[in-house]
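See below for model-v1.txt, which holds compact mmCIF, C-alpha atoms (C1' of nucleotides).
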# COMPACT_ATOMS: atom_id res chain seq x y z
CA MET A 4 -76.37 -34.49 -42.34
CA ASP A 5 -78.41 -36.90 -44.37
CA PHE A 6 -77.57 -39.53 -41.83
CA ALA A 7 -78.62 -37.32 -38.95
CA THR A 8 -81.87 -36.52 -40.69
CA GLU A 9 -82.62 -40.16 -41.07
CA ARG A 10 -81.93 -40.91 -37.42
CA PHE A 11 -83.94 -37.93 -36.19
CA ALA A 12 -86.82 -38.92 -38.39
CA THR A 13 -86.99 -42.55 -37.40
CA GLN A 14 -86.02 -42.38 -33.74
CA GLY A 15 -86.92 -38.87 -32.80
CA TYR A 16 -84.73 -35.93 -31.91
CA HIS A 17 -83.99 -36.63 -28.28
CA PRO A 18 -83.35 -40.35 -28.55
CA THR A 19 -80.72 -39.69 -31.18
CA SER A 20 -77.42 -38.81 -29.52
CA VAL A 21 -74.60 -36.85 -31.02
CA ALA A 22 -72.37 -39.82 -30.31
CA GLU A 23 -74.60 -42.00 -32.44
CA ILE A 24 -74.54 -39.55 -35.31
CA VAL A 25 -70.80 -39.13 -35.47
CA GLN A 26 -70.22 -42.84 -35.02
CA GLY A 27 -72.69 -43.54 -37.77
CA ILE A 28 -70.75 -41.51 -40.28
CA GLY A 29 -67.43 -42.65 -38.92
CA VAL A 30 -65.96 -39.43 -37.62
CA GLY A 31 -64.94 -38.10 -34.25
CA LYS A 32 -67.12 -35.93 -32.09
CA GLY A 33 -64.89 -32.94 -32.59
CA VAL A 34 -65.67 -32.70 -36.26
CA PHE A 35 -69.34 -32.39 -35.40
CA TYR A 36 -68.77 -29.47 -33.09
CA TRP A 37 -66.43 -27.94 -35.62
CA TYR A 38 -69.26 -27.58 -38.09
CA PHE A 39 -72.18 -27.13 -35.75
CA ALA A 40 -72.38 -25.19 -32.52
CA SER A 41 -74.75 -27.67 -30.99
CA LYS A 42 -77.08 -30.53 -31.66
CA GLU A 43 -79.94 -28.06 -31.65
CA GLU A 44 -78.29 -26.00 -34.38
CA LEU A 45 -77.90 -29.06 -36.56
CA PHE A 46 -81.56 -29.79 -36.19
CA LEU A 47 -82.56 -26.25 -37.04
CA GLU A 48 -80.29 -26.42 -40.06
CA ILE A 49 -81.95 -29.59 -41.27
CA LEU A 50 -85.33 -28.02 -40.69
CA LYS A 51 -84.44 -24.91 -42.60
CA GLU A 52 -83.08 -26.79 -45.56
CA ALA A 53 -86.12 -29.01 -45.68
CA GLN A 54 -88.46 -26.05 -45.65
CA GLN A 55 -86.50 -24.37 -48.39
CA ALA A 56 -86.47 -27.52 -50.47
CA LEU A 57 -90.21 -27.93 -50.16
CA ARG A 58 -90.81 -24.35 -51.07
CA ARG A 59 -88.49 -24.60 -54.02
CA ALA A 60 -90.33 -27.68 -55.24
CA GLN A 61 -93.66 -25.90 -54.90
CA ARG A 62 -92.43 -22.87 -56.79
CA GLN A 63 -91.04 -25.03 -59.52
CA GLY A 64 -94.14 -27.18 -59.69
CA ILE A 65 -96.40 -24.20 -60.17
CA ALA A 66 -94.01 -22.55 -62.56
CA GLU A 67 -95.74 -20.12 -64.90
CA GLU A 68 -99.26 -21.43 -64.62
CA PRO A 69 -101.53 -18.41 -64.99
CA ASP A 70 -104.82 -19.89 -63.75
CA PRO A 71 -105.04 -19.52 -59.96
CA LEU A 72 -107.17 -22.62 -59.59
CA ARG A 73 -104.69 -24.66 -61.54
CA ARG A 74 -101.91 -23.15 -59.46
CA ILE A 75 -103.58 -24.40 -56.33
CA GLU A 76 -104.08 -27.81 -57.84
CA LEU A 77 -100.48 -27.99 -58.96
CA GLY A 78 -99.41 -26.85 -55.53
CA ILE A 79 -101.29 -29.70 -53.94
CA ARG A 80 -99.87 -32.23 -56.35
CA THR A 81 -96.34 -30.93 -56.00
CA THR A 82 -96.55 -30.91 -52.24
CA MET A 83 -97.93 -34.41 -52.20
CA ALA A 84 -95.18 -35.68 -54.47
CA TRP A 85 -92.59 -34.03 -52.31
CA LEU A 86 -94.00 -35.41 -49.10
CA ASP A 87 -94.05 -38.80 -50.77
CA GLU A 88 -90.43 -38.57 -51.72
CA HIS A 89 -89.23 -37.09 -48.46
CA ARG A 90 -91.45 -38.76 -45.91
CA ARG A 91 -88.62 -38.67 -43.37
CA LEU A 92 -88.82 -34.93 -43.26
CA PHE A 93 -92.52 -35.00 -42.60
CA ASN A 94 -91.88 -36.52 -39.19
CA LEU A 95 -89.35 -33.86 -38.44
CA PHE A 96 -91.80 -31.10 -39.22
CA GLN A 97 -94.37 -32.68 -37.02
CA PHE A 98 -91.97 -33.11 -34.13
CA ALA A 99 -90.54 -29.65 -34.46
CA ALA A 100 -93.98 -28.17 -34.05
CA THR A 101 -94.39 -29.83 -30.67
CA GLU A 102 -91.26 -28.62 -28.94
CA GLU A 103 -91.22 -25.05 -27.78
CA ARG A 104 -87.67 -24.45 -28.95
CA PHE A 105 -88.42 -25.37 -32.53
CA ALA A 106 -91.99 -24.22 -32.81
CA PRO A 107 -91.11 -20.61 -33.69
CA ALA A 108 -88.94 -21.72 -36.59
CA MET A 109 -91.69 -24.01 -37.78
CA ARG A 110 -94.32 -21.33 -37.51
CA ARG A 111 -92.26 -18.90 -39.49
CA GLY A 112 -91.62 -21.44 -42.19
CA GLY A 113 -95.23 -22.44 -42.27
CA GLU A 114 -96.42 -18.88 -42.54
CA VAL A 115 -94.12 -18.13 -45.40
CA ALA A 116 -95.29 -21.16 -47.30
CA ALA A 117 -98.90 -20.35 -46.51
CA ALA A 118 -98.46 -16.79 -47.69
CA ASP A 119 -97.69 -18.06 -51.16
CA ALA A 120 -100.82 -20.14 -51.29
CA VAL A 121 -102.87 -17.30 -49.89
CA ARG A 122 -101.95 -15.22 -52.92
CA HIS A 123 -103.36 -17.78 -55.28
CA ILE A 124 -106.52 -18.12 -53.27
CA LYS A 125 -106.97 -14.37 -53.27
CA ASP A 126 -106.50 -14.31 -57.01
CA GLY A 127 -109.14 -16.98 -57.32
CA ILE A 128 -111.57 -15.01 -55.22
CA VAL A 129 -110.99 -11.86 -57.20
CA GLU A 130 -111.69 -13.77 -60.39
CA GLY A 131 -114.84 -15.11 -58.82
CA ARG A 132 -113.68 -18.67 -59.18
CA ILE A 133 -113.37 -19.27 -55.48
CA ARG A 134 -116.13 -18.55 -53.02
CA GLU A 135 -115.89 -15.63 -50.66
CA GLY A 136 -114.15 -16.29 -47.39
CA ASP A 137 -111.06 -15.55 -45.39
CA PRO A 138 -108.25 -16.58 -47.74
CA GLU A 139 -106.08 -17.68 -44.86
CA VAL A 140 -108.76 -20.01 -43.63
CA LEU A 141 -109.19 -21.53 -47.05
CA THR A 142 -105.47 -21.89 -47.44
CA ASN A 143 -105.05 -23.67 -44.17
CA ALA A 144 -107.95 -25.93 -44.91
CA VAL A 145 -106.26 -27.00 -48.13
CA LEU A 146 -102.98 -27.49 -46.28
CA GLY A 147 -104.76 -29.56 -43.67
CA VAL A 148 -106.28 -31.86 -46.24
CA THR A 149 -102.98 -32.28 -48.00
CA ASN A 150 -101.02 -33.04 -44.87
CA GLN A 151 -103.53 -35.40 -43.37
CA LEU A 152 -104.01 -37.40 -46.54
CA ALA A 153 -100.26 -37.52 -47.05
CA ARG A 154 -99.70 -38.76 -43.55
CA VAL A 155 -102.39 -41.39 -43.44
CA PHE A 156 -102.36 -42.73 -46.97
CA ILE A 157 -98.81 -42.22 -48.10
CA HIS A 158 -96.97 -42.40 -44.84
CA GLU A 159 -98.95 -45.02 -42.98
CA ARG A 160 -100.47 -47.06 -45.77
CA GLY A 161 -97.86 -46.64 -48.44
CA GLU A 162 -100.21 -45.61 -51.22
CA LYS A 163 -99.00 -43.84 -54.33
CA GLY A 164 -98.54 -40.10 -54.10
CA ALA A 165 -100.30 -39.39 -57.38
CA LYS A 166 -103.47 -41.18 -56.39
CA VAL A 167 -103.62 -39.48 -53.02
CA ALA A 168 -103.04 -36.16 -54.73
CA ASP A 169 -106.05 -36.78 -56.93
CA ASP A 170 -108.18 -37.33 -53.87
CA ALA A 171 -106.86 -34.23 -52.16
CA VAL A 172 -107.52 -32.06 -55.18
CA ALA A 173 -110.99 -33.48 -55.60
CA PHE A 174 -111.92 -32.84 -52.00
CA CYS A 175 -110.54 -29.33 -51.90
CA LEU A 176 -112.25 -28.28 -55.09
CA GLU A 177 -115.54 -30.09 -54.75
CA GLY A 178 -115.99 -30.48 -51.05
CA LEU A 179 -118.09 -33.21 -49.62
CA LEU A 180 -121.50 -32.66 -51.06
CA ALA A 181 -123.08 -34.50 -53.91
CA ALA A 182 -125.95 -32.48 -55.25
CA PRO A 183 -125.50 -29.57 -57.58
CA ARG A 184 -126.26 -26.45 -55.66
CA GLU A 185 -127.88 -23.23 -56.70
CA ARG A 186 -126.38 -20.02 -55.68
CA THR A 187 -126.93 -16.40 -56.76
CA MET B 9 -101.29 -36.62 -13.78
CA ASP B 10 -102.76 -33.29 -14.76
CA PHE B 11 -99.49 -31.73 -13.80
CA ALA B 12 -97.50 -34.20 -15.88
CA THR B 13 -99.78 -33.57 -18.83
CA GLU B 14 -99.17 -29.88 -18.59
CA ARG B 15 -95.41 -30.29 -18.46
CA PHE B 16 -95.34 -32.79 -21.31
CA ALA B 17 -97.49 -30.52 -23.41
CA THR B 18 -95.52 -27.34 -22.86
CA GLN B 19 -91.96 -28.68 -22.67
CA GLY B 20 -92.17 -31.91 -24.55
CA TYR B 21 -91.91 -35.46 -23.36
CA HIS B 22 -88.16 -35.91 -23.15
CA PRO B 23 -87.28 -32.57 -21.61
CA THR B 24 -89.68 -33.28 -18.77
CA SER B 25 -87.96 -35.41 -16.17
CA VAL B 26 -89.62 -37.67 -13.67
CA ALA B 27 -87.86 -35.72 -10.96
CA GLU B 28 -89.52 -32.56 -12.17
CA ILE B 29 -92.93 -34.14 -12.16
CA VAL B 30 -92.76 -35.55 -8.65
CA GLN B 31 -91.20 -32.41 -7.30
CA GLY B 32 -93.90 -30.38 -8.97
CA ILE B 33 -96.65 -32.19 -7.16
CA GLY B 34 -94.63 -32.42 -3.97
CA VAL B 35 -94.15 -36.14 -3.57
CA GLY B 36 -91.21 -38.48 -3.57
CA LYS B 37 -90.03 -40.39 -6.56
CA GLY B 38 -91.10 -43.68 -5.06
CA VAL B 39 -94.74 -42.78 -5.19
CA PHE B 40 -94.44 -42.24 -8.92
CA TYR B 41 -93.00 -45.66 -9.53
CA TRP B 42 -95.56 -47.15 -7.19
CA TYR B 43 -98.36 -46.09 -9.49
CA PHE B 44 -96.59 -46.23 -12.82
CA ALA B 45 -94.11 -48.76 -14.08
CA SER B 46 -92.22 -46.16 -16.04
CA LYS B 47 -92.32 -42.67 -17.45
CA GLU B 48 -93.36 -44.18 -20.74
CA GLU B 49 -96.34 -45.88 -19.17
CA LEU B 50 -97.50 -42.63 -17.65
CA PHE B 51 -97.37 -41.01 -21.04
CA LEU B 52 -99.31 -43.81 -22.68
CA GLU B 53 -101.85 -43.56 -19.91
CA ILE B 54 -102.30 -39.85 -20.51
CA LEU B 55 -102.59 -40.50 -24.21
CA LYS B 56 -105.20 -43.17 -23.76
CA GLU B 57 -107.31 -41.09 -21.44
CA ALA B 58 -107.14 -38.14 -23.78
CA GLN B 59 -108.23 -40.22 -26.73
CA GLN B 60 -111.09 -41.68 -24.76
CA ALA B 61 -112.17 -38.26 -23.57
CA LEU B 62 -112.20 -36.88 -27.09
CA ARG B 63 -114.15 -39.82 -28.37
CA ARG B 64 -116.62 -39.53 -25.53
CA ALA B 65 -117.11 -35.87 -26.30
CA GLN B 66 -117.69 -36.64 -29.96
CA ARG B 67 -120.22 -39.34 -29.17
CA GLN B 68 -122.03 -37.06 -26.81
CA GLY B 69 -121.94 -34.16 -29.21
CA ILE B 70 -123.52 -36.16 -31.97
CA ALA B 71 -126.00 -37.78 -29.67
CA GLU B 72 -129.10 -38.96 -31.46
CA GLU B 73 -128.88 -36.80 -34.56
CA PRO B 74 -130.39 -38.85 -37.38
CA ASP B 75 -129.15 -36.85 -40.37
CA PRO B 76 -125.67 -38.05 -41.39
CA LEU B 77 -124.66 -34.66 -42.72
CA ARG B 78 -125.65 -33.02 -39.51
CA ARG B 79 -123.78 -35.72 -37.62
CA ILE B 80 -120.62 -34.84 -39.49
CA GLU B 81 -121.15 -31.17 -38.86
CA LEU B 82 -121.75 -31.77 -35.19
CA GLY B 83 -118.69 -33.96 -35.09
CA ILE B 84 -116.57 -31.17 -36.48
CA ARG B 85 -118.00 -28.66 -34.07
CA THR B 86 -117.63 -30.94 -31.09
CA THR B 87 -114.07 -31.81 -31.99
CA MET B 88 -113.21 -28.18 -32.47
CA ALA B 89 -114.67 -27.24 -29.13
CA TRP B 90 -112.80 -30.05 -27.46
CA LEU B 91 -109.50 -29.14 -29.08
CA ASP B 92 -110.13 -25.58 -27.99
CA GLU B 93 -110.70 -26.58 -24.40
CA HIS B 94 -107.87 -29.10 -24.25
CA ARG B 95 -105.24 -27.54 -26.42
CA ARG B 96 -102.51 -29.02 -24.24
CA LEU B 97 -103.49 -32.48 -25.37
CA PHE B 98 -103.24 -31.51 -28.99
CA ASN B 99 -99.49 -31.12 -28.67
CA LEU B 100 -99.25 -34.50 -27.03
CA PHE B 101 -101.06 -36.15 -29.88
CA GLN B 102 -98.81 -34.51 -32.37
CA PHE B 103 -95.67 -35.48 -30.54
CA ALA B 104 -96.80 -39.03 -29.93
CA ALA B 105 -97.24 -39.53 -33.63
CA THR B 106 -93.59 -38.67 -34.26
CA GLU B 107 -91.91 -41.11 -31.90
CA GLU B 108 -91.83 -44.72 -32.96
CA ARG B 109 -92.69 -45.98 -29.50
CA PHE B 110 -95.92 -44.06 -29.31
CA ALA B 111 -96.94 -44.05 -32.93
CA PRO B 112 -98.70 -47.42 -32.81
CA ALA B 113 -100.90 -46.31 -29.92
CA MET B 114 -101.70 -43.12 -31.76
CA ARG B 115 -102.50 -44.89 -34.97
CA ARG B 116 -104.84 -47.28 -33.25
CA GLY B 117 -106.62 -44.45 -31.49
CA GLY B 118 -106.81 -42.47 -34.67
CA GLU B 119 -108.24 -45.35 -36.62
CA VAL B 120 -110.90 -46.02 -34.07
CA ALA B 121 -111.99 -42.40 -34.08
CA ALA B 122 -111.90 -42.31 -37.87
CA ALA B 123 -113.98 -45.47 -38.10
CA ASP B 124 -116.83 -43.65 -36.40
CA ALA B 125 -116.74 -40.81 -38.84
CA VAL B 126 -116.45 -43.19 -41.77
CA ARG B 127 -119.82 -44.63 -40.82
CA HIS B 128 -121.51 -41.28 -41.09
CA ILE B 129 -119.85 -40.57 -44.40
CA LYS B 130 -120.98 -43.90 -45.76
CA ASP B 131 -124.51 -43.18 -44.62
CA GLY B 132 -124.34 -39.89 -46.40
CA ILE B 133 -123.18 -41.52 -49.61
CA VAL B 134 -125.90 -44.13 -49.43
CA GLU B 135 -128.45 -41.39 -49.02
CA GLY B 136 -126.95 -39.63 -52.00
CA ARG B 137 -126.14 -36.56 -49.97
CA ILE B 138 -122.41 -37.00 -50.22
CA ARG B 139 -120.62 -37.46 -53.48
CA GLU B 140 -119.15 -40.82 -54.40
CA GLY B 141 -115.66 -41.49 -53.20
CA ASP B 142 -113.60 -43.56 -50.82
CA PRO B 143 -115.22 -42.83 -47.44
CA GLU B 144 -111.91 -43.14 -45.66
CA VAL B 145 -110.39 -40.51 -47.87
CA LEU B 146 -113.26 -38.14 -47.27
CA THR B 147 -113.10 -38.79 -43.55
CA ASN B 148 -109.43 -38.05 -43.35
CA ALA B 149 -109.83 -34.95 -45.42
CA VAL B 150 -112.38 -33.66 -42.93
CA LEU B 151 -110.12 -34.58 -40.05
CA GLY B 152 -107.25 -32.80 -41.73
CA VAL B 153 -109.22 -29.60 -42.13
CA THR B 154 -110.39 -29.74 -38.56
CA ASN B 155 -106.96 -30.37 -37.10
CA GLN B 156 -105.15 -27.82 -39.19
CA LEU B 157 -107.65 -25.04 -38.57
CA ALA B 158 -107.67 -25.89 -34.88
CA ARG B 159 -103.90 -25.76 -34.70
CA VAL B 160 -103.37 -22.58 -36.63
CA PHE B 161 -106.35 -20.48 -35.62
CA ILE B 162 -107.17 -21.69 -32.15
CA HIS B 163 -103.79 -22.83 -30.98
CA GLU B 164 -101.51 -20.29 -32.56
CA ARG B 165 -103.75 -17.29 -33.00
CA GLY B 166 -106.12 -17.79 -30.12
CA GLU B 167 -109.33 -17.38 -32.07
CA LYS B 168 -112.64 -18.61 -30.76
CA GLY B 169 -113.45 -22.26 -31.29
CA ALA B 170 -116.98 -21.64 -32.51
CA LYS B 171 -115.88 -19.30 -35.28
CA VAL B 172 -113.18 -21.65 -36.48
CA ALA B 173 -115.69 -24.49 -36.42
CA ASP B 174 -117.96 -22.52 -38.72
CA ASP B 175 -115.13 -22.15 -41.17
CA ALA B 176 -114.23 -25.82 -41.01
CA VAL B 177 -117.81 -26.89 -41.58
CA ALA B 178 -118.19 -24.50 -44.47
CA PHE B 179 -115.06 -25.70 -46.18
CA CYS B 180 -115.81 -29.36 -45.74
CA LEU B 181 -119.34 -29.06 -47.02
CA GLU B 182 -118.88 -26.53 -49.77
CA GLY B 183 -115.30 -26.96 -50.81
CA LEU B 184 -113.39 -24.19 -52.38
CA LEU B 185 -115.31 -23.34 -55.50
CA ALA B 186 -117.68 -20.48 -56.00
CA ALA B 187 -119.91 -21.21 -58.94
CA PRO B 188 -122.92 -23.45 -58.70
CA ARG B 189 -122.13 -26.59 -60.57
CA GLU B 190 -124.34 -28.80 -62.66
CA ARG B 191 -124.15 -32.50 -62.24
CA THR B 192 -126.41 -35.34 -63.34
C1' DC C 26 -100.98 -53.32 21.67
C1' DG C 27 -98.36 -56.24 17.77
C1' DG C 28 -98.03 -57.62 13.07
C1' DG C 29 -99.15 -56.95 8.30
C1' DT C 30 -100.15 -54.33 4.40
C1' DT C 31 -100.10 -50.25 1.86
C1' DC C 32 -98.03 -46.34 0.63
C1' DT C 33 -94.05 -42.79 0.78
C1' DT C 34 -89.51 -41.06 1.07
C1' DG C 35 -85.13 -39.42 -1.01
C1' DA C 36 -80.42 -40.92 -1.25
C1' DC C 37 -78.39 -43.48 -4.50
C1' DC C 38 -77.14 -46.10 -8.89
C1' DG C 39 -75.25 -46.98 -13.46
C1' DA C 40 -75.87 -45.18 -17.87
C1' DT C 41 -75.82 -41.76 -20.99
C1' DC C 42 -76.18 -37.26 -22.45
C1' DG C 43 -74.33 -32.79 -24.83
C1' DG C 44 -70.31 -30.59 -25.01
C1' DT C 45 -64.98 -29.61 -24.24
C1' DC C 46 -60.26 -29.80 -25.21
C1' DA C 47 -55.31 -31.10 -25.27
C1' DA C 48 -53.17 -33.37 -28.65
C1' DG C 49 -52.14 -34.76 -33.34
C1' DC C 50 -52.20 -34.67 -38.29
C1' DA C 51 -51.73 -33.24 -43.15
C1' DA C 52 -51.29 -29.72 -46.43
C1' DA C 53 -49.91 -24.98 -47.51
C1' DC C 54 -46.79 -21.44 -46.98
C1' DG C 55 -42.43 -18.99 -46.86
C1' DC D 6 -37.01 -27.29 -43.59
C1' DG D 7 -39.98 -25.11 -39.64
C1' DT D 8 -44.25 -23.03 -38.83
C1' DT D 9 -48.79 -21.96 -39.25
C1' DT D 10 -53.44 -23.10 -40.24
C1' DG D 11 -57.50 -25.97 -40.87
C1' DC D 12 -59.35 -29.95 -39.58
C1' DT D 13 -59.85 -34.34 -36.76
C1' DT D 14 -59.57 -37.30 -32.87
C1' DG D 15 -61.58 -39.58 -28.73
C1' DA D 16 -60.83 -39.52 -23.80
C1' DC D 17 -62.95 -36.94 -20.66
C1' DC D 18 -66.24 -33.78 -17.99
C1' DG D 19 -70.11 -32.39 -15.13
C1' DA D 20 -74.90 -32.80 -15.32
C1' DT D 21 -78.81 -35.23 -15.52
C1' DC D 22 -81.52 -38.95 -16.68
C1' DG D 23 -84.85 -43.03 -15.58
C1' DG D 24 -85.18 -46.18 -12.23
C1' DT D 25 -84.12 -48.80 -7.51
C1' DC D 26 -84.52 -49.74 -2.81
C1' DA D 27 -83.69 -49.88 2.24
C1' DA D 28 -85.96 -47.50 5.54
C1' DG D 29 -89.71 -45.90 7.50
C1' DA D 30 -94.75 -43.74 8.18
C1' DA D 31 -99.63 -44.43 8.21
C1' DC D 32 -103.29 -47.17 8.63
C1' DC D 33 -106.09 -51.41 9.34
C1' DC D 34 -107.31 -55.62 11.65
C1' DG D 35 -107.48 -58.74 15.57
Would it be possible to restate this file's structure as structure tokens?
Amino acid sequence: MDFATERFATQGYHPTSVAEIVQGIGVGKGVFYWYFASKEELFLEILKEAQQALRRAQRQGIAEEPDPLRRIELGIRTTMAWLDEHRRLFNLFQFAATEERFAPAMRRGGEVAAADAVRHIKDGIVEGRIREGDPEVLTNAVLGVTNQLARVFIHERGEKGAKVADDAVAFCLEGLLAAPRERT
Amino acid sequence: MDFATERFATQGYHPTSVAEIVQGIGVGKGVFYWYFASKEELFLEILKEAQQALRRAQRQGIAEEPDPLRRIELGIRTTMAWLDEHRRLFNLFQFAATEERFAPAMRRGGEVAAADAVRHIKDGIVEGRIREGDPEVLTNAVLGVTNQLARVFIHERGEKGAKVADDAVAFCLEGLLAAPRERT
DNA sequence: CGGGTTCTTGACCGATCGGTCAAGCAAACG
DNA sequence: CGTTTGCTTGACCGATCGGTCAAGAACCCG
């Protein structure tokens, strides 16, 4: 399954044939269809495991941290480290979102993961540490920053995950502006 | 070509056959291969046109605005409106980035578009309106917010582009935090 | 009208795909 | 030992794919 993941990630789902997978791990085709009902099921399985692994990493990374702002920061850093370490899976996520068959699974997974982050954002708002606003919007904005920076700087340019994580955290917390601002 | 775009966007590239395309517009297969060397070329053509269209819209949206901060804001709003109106193309972009054959074209297009935004960010930093930081990082962070919010709220939940644009602008400019902050 | 060029057709091609299955194999069981 | 069960094989299947091409149709020019 690791092998299949690697092929899917580098070539794409459709260009990777079942024949190629089984030949790559040196088994017959029958053994594939003994363990999986179809190529599609294998892919969904990989997807599910990847989502669970990411979520597990996030949970573990945040651990017992009580401060919601720190939780968000740790979440960003953990996610970034994970995406750094498992860049192959990033491609899979992105592809899965584009094909109608896999999009529902992706959406569900994404919503679950987002729900976690939403909680922390809500906590932050309640404590007055985070500005008012739709928590889901804020959450997705943070996710967007994280994903984009991961893709461009880690994936495409090969920069270090930790450095990119710093940038992501800085942007999410401070925004773009320079001047100190007064507010009521 | 509009028809092909629609099929690619809703079914995916590979699941859409050339036969389906030509039959859908009621012509023979020959006419397809008269105008395009291959299915791949058609897709690249669609991609290129879409990128150009988006860039054109952005240019036009920003127009003559002198204030770099306003330029960025207008850029976000224009992009959001465009992604709202052409959501089909969004999928194509996302898919193209996942397949090795198309990734280079996507990267090039993405870099060109980003280069524009980087200019405005740099201007903003020079003017002291935007905090210090790698302009490319800030640019990509803004792009990430825009894309993610577009995908989730416009694409998946069908919200209005203008409202989502407001959120994106607010997040990018103000960040996440609530309290006014002192800085030198 | 004839001859040339530009398009258009759809039957056809070889390749390859996801998936099946009769057959075989090794270990466990009685 | 024979038999059953869990696993493995790879030849094989029908379907479908991207792409070709001989055969026109439509149009223009002289």
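When CA of Val167 in chain A is paired with CA of Thr149 in chain A, their separation reads 8.8 Å.
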inquiry  = Give me, as an MDAnalysis selection string, the residues of chain D touching chain A, with the criterion being at most 7 Å (counting only C-alpha atoms (C1' of nucleotides)).
reply    = chainID D and resid 13:15
Which chain C residues have any atom within 10 Å of an atom of chain B, and for each, what is the nearest pair of atoms with distance in Å to one decimal, counting all atoms listed in the file, rows sorted by chain and number, as JSON lines?
{"residue": "C:DC32", "atom": "C1'", "partner": "B:Val39", "partner_atom": "CA", "distance": 7.6}
{"residue": "C:DT33", "atom": "C1'", "partner": "B:Val39", "partner_atom": "CA", "distance": 6.0}
{"residue": "C:DT34", "atom": "C1'", "partner": "B:Gly36", "partner_atom": "CA", "distance": 5.6}
{"residue": "C:DG35", "atom": "C1'", "partner": "B:Gly36", "partner_atom": "CA", "distance": 6.7}
request  = Write out as a list in words each polymer residue whose atoms come within 8 Å of Ala165 in chain A, counting only C-alpha atoms (C1' of nucleotides); drop sequence neighbours fewer than 5 positions from it.
outcome  = Arg80, Met83 and Ala84 of chain A
Extract, using all atoms listed in the file, all DNA, RNA and protein residues at most 12 Å from Pro107 in chain A, discarding same-chain residues fewer than 5 positions from it, and format them as a CSV table (one decimal) with C-alpha atoms, keeping the file's coordinate frame.
chain,number,residue,atom,x,y,z
A,47,LEU,CA,-82.6,-26.2,-37.0
A,50,LEU,CA,-85.3,-28.0,-40.7
A,51,LYS,CA,-84.4,-24.9,-42.6
A,96,PHE,CA,-91.8,-31.1,-39.2
A,99,ALA,CA,-90.5,-29.6,-34.5
A,100,ALA,CA,-94.0,-28.2,-34.0
A,101,THR,CA,-94.4,-29.8,-30.7
A,102,GLU,CA,-91.3,-28.6,-28.9
A,112,GLY,CA,-91.6,-21.4,-42.2
A,113,GLY,CA,-95.2,-22.4,-42.3
A,114,GLU,CA,-96.4,-18.9,-42.5
B,164,GLU,CA,-101.5,-20.3,-32.6
message = Show me, as a PyMOL selection string, every residue of chain B with an atom at most 8 Å from chain A, counting all atoms listed in the file.
response = chain B and resi 17-20+22+99-100+102-103+106-108+136-140+145-146+148-157+160+175-176+179-191
Using the file's own x, y and z axes, so that the box edges lie along x, y and z, what centre and edge lengths in Å (one decimal) does a box around every listed atom of range 31-49 of chain C get when 5 Å is added on each side? Give it as lines of an AutoDock Vina configuration file.
center_x = -76.1
center_y = -39.9
center_z = -15.7
size_x = 58.0
size_y = 30.6
size_z = 45.2
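Reported to one decimal place, the separation of CA of Val30 in chain B from CA of Arg15 in chain B is 11.4 Å.
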ask   = Between CA of Gln55 in chain A and CA of Phe6 in chain A, what is the distance, to one decimal in Å?
value = 18.8 Å
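Residue nearest DC50 in chain C within the list D:DC34, D:DC12, D:DC18, D:DC26: D:DC12 [criterion: smallest interatomic distance, all atoms listed in the file].
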